[in-house]
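These notes are about the structure you will find just below.
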Amino acid sequence: MSVLPKNPLIQDIPKPTPELSEAPWSSLGKPARELSVGSVKLDGRVFLAPMAGYTDTAFRRLARRHGAAMVVTEMVSSRALFGSGVEKSHELMEFTEPERPVGVQLFGGDPKIMGDAAKKVMDEVHPDIIDINFGCPVGKILKCDAGASVLKEPQRAGWIVEAMVKATEGKVPITVKTRAGYDAMDNAVFELLEAVENAGASALAIHARTRNQMFEGKANWDIITQIKKKARIPIIGNGDVKTAEDAYNLFRQTNCDGIMIGRGSMGSPWIFEEINHYLETGKPMKSPSLKFRVGVALEQLKCSIEVKGERMGLLEMRKHLTHYLKGFEGAKDIRGSLLTSQDSVWVLKTLEDLYNALPEEDPALPVA
Ligand SMILES: Cc1cc2nc3c(=O)[nH]c(=O)nc-3n(C[C@H](O)[C@H](O)[C@H](O)COP(=O)(O)O)c2cc1C
């Protein structure tokens, strides 16, 4: 099968990002690269959001290299760390030095177990931060009183943070990630903020949807604005940032201290660099060429295979490849095979051939 792209163009061309008259950081009144989360000094304000099944070590390495100021692991069960799931949990928590600063995210509903888990994680893997998942909307997580379930009982969030701060003796910042509410944007998230601040949390990230919204509808950034007005700790805004312009708008509208990007980074881990550039200069960064995109995908696949082995490494990479190849007309004929093949050698070779066949610069688009 030919791997030469017939038409090396991305068809769904995003609308151009407007140039701003001044560098946004100066107009937003914030220094670009000085955000501290507890004792950890971060070199930027744009982070990779934790995403189970996506933000593994291969993807986190790319996100850090392309400008994410911090990355977080997939969520790890606090209970599993003391039971039969310990091996799988360790796989989820393992990270490499270039990923630092890195947070390990824990979920659980029992303050004692969460405290013990935090101590174990601190002693065994030494992350820069330990984050708590108080936002997961999925039934099986809610059933064990974890994730967004604490929004029904915000005081419990405080007890959990308190147990974790105590167990780790304040040696590692404990941060929290939650949602705008359980079934409504009511007072729960404000109560949660107060409870976790009093218990010693070092930052709070908010995905601006309720648990009932899951991932549907538009994120309501107003809740981030309101929380930021009340908070004493850094507030990280999250939800629906897909472009550098969205990132600017989220900072401007809410005055939040940092932002987290989840789905907007899938198949484009360079989004952090694009946002940093835009916020620093007010000018959009040149879109990466298809050759660059395929090169990054290839690098991720190689790393995924190296870490997880040929079978799992390829299997886990499929969902990422879908994103990397989205809208890529030239790869239309081979996309199906690339996404279903079980032969990692063939997939690597096909992507390499595609990479070699692509020009350094994309050809100019025909003028309509
Ligand atoms: C596939 C997927 C997995 C996710 N896993 C986690 C997780 O493990 N922990 C967590 O706190 N949030 C998780 N989230 C939520 C994201 O971190 C983020 O809050 C949400 O996607 C909204 O941000 P976005 O619009 O930038 O994607 C996940 C989201 C997705 C799409």
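Going by the structure tokens order, chains are called A, B, ..., each with residues numbered from 1, while ligands are numbered from 1 in the order shown.
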
(message) Neighbouring residues of ligand 1 are defined here as those with any atom at most 8 Å from a ligand atom, counting only C-alpha atoms and all ligand atoms; list them as a PyMOL selection string.
(response) chain A and resi 49-54+73-76+105+132-136+177-179+206-208+215+219+238-242+260-265

(message) Give me the residues near Asp343 of chain A as a ChimeraX atom specification, where near means some atom within 10 Å (using only C-alpha atoms) and where sequence neighbours in that chain fewer than 6 positions away do not count.
(response) /A:310-311,314

How would you write, as a PDB file with N, CA and C atoms, in the first residue's frame, the set of residues in segment 123-293 of chain A that DSSP gives as strand (DSSP E or B)?
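Result file is selection35.pdb:
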```
ATOM      1  N   ILE A 129       4.364  16.963  43.590  1.00  0.00           N
ATOM      2  CA  ILE A 129       3.052  17.334  44.128  1.00  0.00           C
ATOM      3  C   ILE A 129       2.199  16.068  44.227  1.00  0.00           C
ATOM      4  N   ILE A 130       1.283  16.041  45.202  1.00  0.00           N
ATOM      5  CA  ILE A 130       0.269  14.972  45.200  1.00  0.00           C
ATOM      6  C   ILE A 130      -1.088  15.648  45.020  1.00  0.00           C
ATOM      7  N   ASP A 131      -1.795  15.233  43.988  1.00  0.00           N
ATOM      8  CA  ASP A 131      -3.079  15.844  43.652  1.00  0.00           C
ATOM      9  C   ASP A 131      -4.208  14.890  44.034  1.00  0.00           C
ATOM     10  N   ILE A 132      -5.362  15.458  44.391  1.00  0.00           N
ATOM     11  CA  ILE A 132      -6.506  14.614  44.750  1.00  0.00           C
ATOM     12  C   ILE A 132      -7.601  14.787  43.714  1.00  0.00           C
ATOM     13  N   ASN A 133      -8.143  13.677  43.287  1.00  0.00           N
ATOM     14  CA  ASN A 133      -9.243  13.713  42.328  1.00  0.00           C
ATOM     15  C   ASN A 133     -10.573  13.813  43.075  1.00  0.00           C
ATOM     16  N   PHE A 134     -11.144  15.017  43.103  1.00  0.00           N
ATOM     17  CA  PHE A 134     -12.482  15.227  43.661  1.00  0.00           C
ATOM     18  C   PHE A 134     -13.441  15.618  42.528  1.00  0.00           C
ATOM     19  N   ILE A 174      -0.046  19.335  48.689  1.00  0.00           N
ATOM     20  CA  ILE A 174      -1.248  18.556  48.357  1.00  0.00           C
ATOM     21  C   ILE A 174      -2.198  19.500  47.614  1.00  0.00           C
ATOM     22  N   THR A 175      -2.558  19.124  46.399  1.00  0.00           N
ATOM     23  CA  THR A 175      -3.462  19.965  45.611  1.00  0.00           C
ATOM     24  C   THR A 175      -4.760  19.202  45.335  1.00  0.00           C
ATOM     25  N   VAL A 176      -5.774  19.952  44.899  1.00  0.00           N
ATOM     26  CA  VAL A 176      -7.106  19.374  44.734  1.00  0.00           C
ATOM     27  C   VAL A 176      -7.631  19.709  43.352  1.00  0.00           C
ATOM     28  N   LYS A 177      -8.300  18.734  42.725  1.00  0.00           N
ATOM     29  CA  LYS A 177      -8.978  19.032  41.453  1.00  0.00           C
ATOM     30  C   LYS A 177     -10.432  18.614  41.589  1.00  0.00           C
ATOM     31  N   THR A 178     -11.340  19.554  41.287  1.00  0.00           N
ATOM     32  CA  THR A 178     -12.752  19.256  41.475  1.00  0.00           C
ATOM     33  C   THR A 178     -13.580  19.821  40.333  1.00  0.00           C
ATOM     34  N   ARG A 179     -14.895  19.766  40.523  1.00  0.00           N
ATOM     35  CA  ARG A 179     -15.824  20.293  39.515  1.00  0.00           C
ATOM     36  C   ARG A 179     -16.614  21.454  40.095  1.00  0.00           C
ATOM     37  N   ALA A 180     -17.456  22.053  39.232  1.00  0.00           N
ATOM     38  CA  ALA A 180     -18.203  23.254  39.637  1.00  0.00           C
ATOM     39  C   ALA A 180     -19.337  22.949  40.610  1.00  0.00           C
ATOM     40  N   GLY A 181     -19.687  21.683  40.757  1.00  0.00           N
ATOM     41  CA  GLY A 181     -20.769  21.292  41.657  1.00  0.00           C
ATOM     42  C   GLY A 181     -21.124  19.855  41.383  1.00  0.00           C
ATOM     43  N   ALA A 203      -3.306  24.288  46.218  1.00  0.00           N
ATOM     44  CA  ALA A 203      -3.932  24.859  45.016  1.00  0.00           C
ATOM     45  C   ALA A 203      -5.225  24.110  44.752  1.00  0.00           C
ATOM     46  N   LEU A 204      -6.108  24.760  43.988  1.00  0.00           N
ATOM     47  CA  LEU A 204      -7.376  24.109  43.627  1.00  0.00           C
ATOM     48  C   LEU A 204      -7.611  24.295  42.132  1.00  0.00           C
ATOM     49  N   ALA A 205      -7.782  23.179  41.445  1.00  0.00           N
ATOM     50  CA  ALA A 205      -8.128  23.237  40.019  1.00  0.00           C
ATOM     51  C   ALA A 205      -9.617  22.951  39.872  1.00  0.00           C
ATOM     52  N   ILE A 206     -10.282  23.739  39.014  1.00  0.00           N
ATOM     53  CA  ILE A 206     -11.715  23.513  38.810  1.00  0.00           C
ATOM     54  C   ILE A 206     -12.028  23.255  37.354  1.00  0.00           C
ATOM     55  N   HIS A 207     -12.596  22.097  37.101  1.00  0.00           N
ATOM     56  CA  HIS A 207     -13.193  21.811  35.796  1.00  0.00           C
ATOM     57  C   HIS A 207     -14.591  22.414  35.880  1.00  0.00           C
ATOM     58  N   ALA A 208     -14.849  23.413  35.045  1.00  0.00           N
ATOM     59  CA  ALA A 208     -16.045  24.245  35.215  1.00  0.00           C
ATOM     60  C   ALA A 208     -17.327  23.610  34.671  1.00  0.00           C
ATOM     61  N   ARG A 209     -17.530  22.359  35.014  1.00  0.00           N
ATOM     62  CA  ARG A 209     -18.797  21.661  34.741  1.00  0.00           C
ATOM     63  C   ARG A 209     -19.207  20.945  36.017  1.00  0.00           C
ATOM     64  N   THR A 210     -20.530  20.686  36.138  1.00  0.00           N
ATOM     65  CA  THR A 210     -20.955  19.894  37.296  1.00  0.00           C
ATOM     66  C   THR A 210     -20.706  18.421  37.013  1.00  0.00           C
ATOM     67  N   ILE A 235      -5.692  29.310  42.007  1.00  0.00           N
ATOM     68  CA  ILE A 235      -6.826  28.651  41.354  1.00  0.00           C
ATOM     69  C   ILE A 235      -6.454  28.354  39.903  1.00  0.00           C
ATOM     70  N   ILE A 236      -6.638  27.105  39.550  1.00  0.00           N
ATOM     71  CA  ILE A 236      -6.314  26.658  38.194  1.00  0.00           C
ATOM     72  C   ILE A 236      -7.630  26.423  37.450  1.00  0.00           C
ATOM     73  N   GLY A 237      -7.857  27.191  36.384  1.00  0.00           N
ATOM     74  CA  GLY A 237      -9.095  27.057  35.607  1.00  0.00           C
ATOM     75  C   GLY A 237      -8.966  25.937  34.588  1.00  0.00           C
ATOM     76  N   ASN A 238     -10.085  25.269  34.334  1.00  0.00           N
ATOM     77  CA  ASN A 238     -10.045  24.137  33.399  1.00  0.00           C
ATOM     78  C   ASN A 238     -11.406  23.940  32.723  1.00  0.00           C
ATOM     79  N   GLY A 258      -3.619  29.826  36.943  1.00  0.00           N
ATOM     80  CA  GLY A 258      -3.053  28.900  35.965  1.00  0.00           C
ATOM     81  C   GLY A 258      -4.197  28.221  35.241  1.00  0.00           C
ATOM     82  N   ILE A 259      -3.865  27.500  34.166  1.00  0.00           N
ATOM     83  CA  ILE A 259      -4.919  26.739  33.487  1.00  0.00           C
ATOM     84  C   ILE A 259      -4.426  25.325  33.210  1.00  0.00           C
ATOM     85  N   MET A 260      -5.396  24.435  33.078  1.00  0.00           N
ATOM     86  CA  MET A 260      -5.086  23.037  32.764  1.00  0.00           C
ATOM     87  C   MET A 260      -5.759  22.680  31.459  1.00  0.00           C
ATOM     88  N   ILE A 261      -5.048  21.928  30.638  1.00  0.00           N
ATOM     89  CA  ILE A 261      -5.624  21.541  29.349  1.00  0.00           C
ATOM     90  C   ILE A 261      -5.691  20.030  29.251  1.00  0.00           C
TER      91      ILE A 261
END
```

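In this model, the gap between atom CA of Leu321 of chain A and atom CA of Asn276 of chain A comes to 24.6 Å.
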
(request) Write out as a VMD selection string the residues lying within 10 Å of Glu360 of chain A, counting only C-alpha atoms and excluding same-chain residues fewer than 6 positions away. (result) chain A and resid 288 to 292

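The spacing separating atom CA of Lys308 of chain A from atom CA of Val294 of chain A amounts to 20.7 Å.
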
(request) For segment 191-194 of chain A, list every protein, DNA or RNA residue within 8 Å, evaluated using only C-alpha atoms, and leave out those in the same chain fewer than 5 positions away; present the list as a ChimeraX atom specification. (result) /A:151,154-155,157-158,204,227,231

Mind writing the picked residues with N, CA and C atoms as a CSV table (one decimal), in the first residue's frame?
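And here is the file that came out, selection_35.csv:
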```csv
chain,number,residue,atom,x,y,z
A,151,LEU,N,-18.5,16.4,46.6
A,151,LEU,CA,-19.2,17.7,46.5
A,151,LEU,C,-20.6,17.6,47.2
A,154,PRO,N,-18.9,18.5,51.3
A,154,PRO,CA,-17.6,19.2,51.1
A,154,PRO,C,-16.7,19.1,52.3
A,155,GLN,N,-17.3,19.0,53.5
A,155,GLN,CA,-16.4,18.9,54.7
A,155,GLN,C,-15.4,17.7,54.6
A,157,ALA,N,-13.9,16.6,52.1
A,157,ALA,CA,-12.8,17.0,51.3
A,157,ALA,C,-11.7,17.5,52.2
A,158,GLY,N,-12.1,18.4,53.2
A,158,GLY,CA,-11.2,18.9,54.1
A,158,GLY,C,-10.5,17.9,55.0
A,204,LEU,N,-6.1,24.8,44.0
A,204,LEU,CA,-7.4,24.1,43.6
A,204,LEU,C,-7.6,24.3,42.1
A,227,ILE,N,-14.9,31.7,42.3
A,227,ILE,CA,-14.0,31.0,43.2
A,227,ILE,C,-12.7,31.8,43.4
A,231,ALA,N,-10.7,32.9,46.9
A,231,ALA,CA,-9.6,32.0,47.2
A,231,ALA,C,-8.3,32.7,47.8
```

(request) Extract, using only C-alpha atoms, all DNA, RNA and protein residues at most 9 Å from segment 122-125 of chain A, discarding same-chain residues fewer than 2 positions from it, and format them as a PyMOL selection string. (result) chain A and resi 90+93-95+104+117-120+127-130+168+171-172

(message) Give me, as a PyMOL selection string, the residues of segment 235-317 of chain A that a backbone DSSP run labels alpha helix (DSSP H).
(response) chain A and resi 244-254+271-281+290-308+310-317

(message) Let me make sure I understand: among A:Gly139, A:Thr17, A:Lys229, A:Phe328, which one has the smallest atom-to-atom distance to Asp246 of chain A if we use only C-alpha atoms?
(response)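 Nearest to Asp246 of chain A: A:Thr17.
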
(request) For Tyr324 of chain A, please output as a list in words all residues within 8 Å (counting only C-alpha atoms; exclusion window: fewer than 2 positions along the same chain). (result)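 The neighbour list is Met266, Gly267, Ser268, Arg293, Val294, Ala297, His320, Leu321, Thr322 and Lys326 of chain A.
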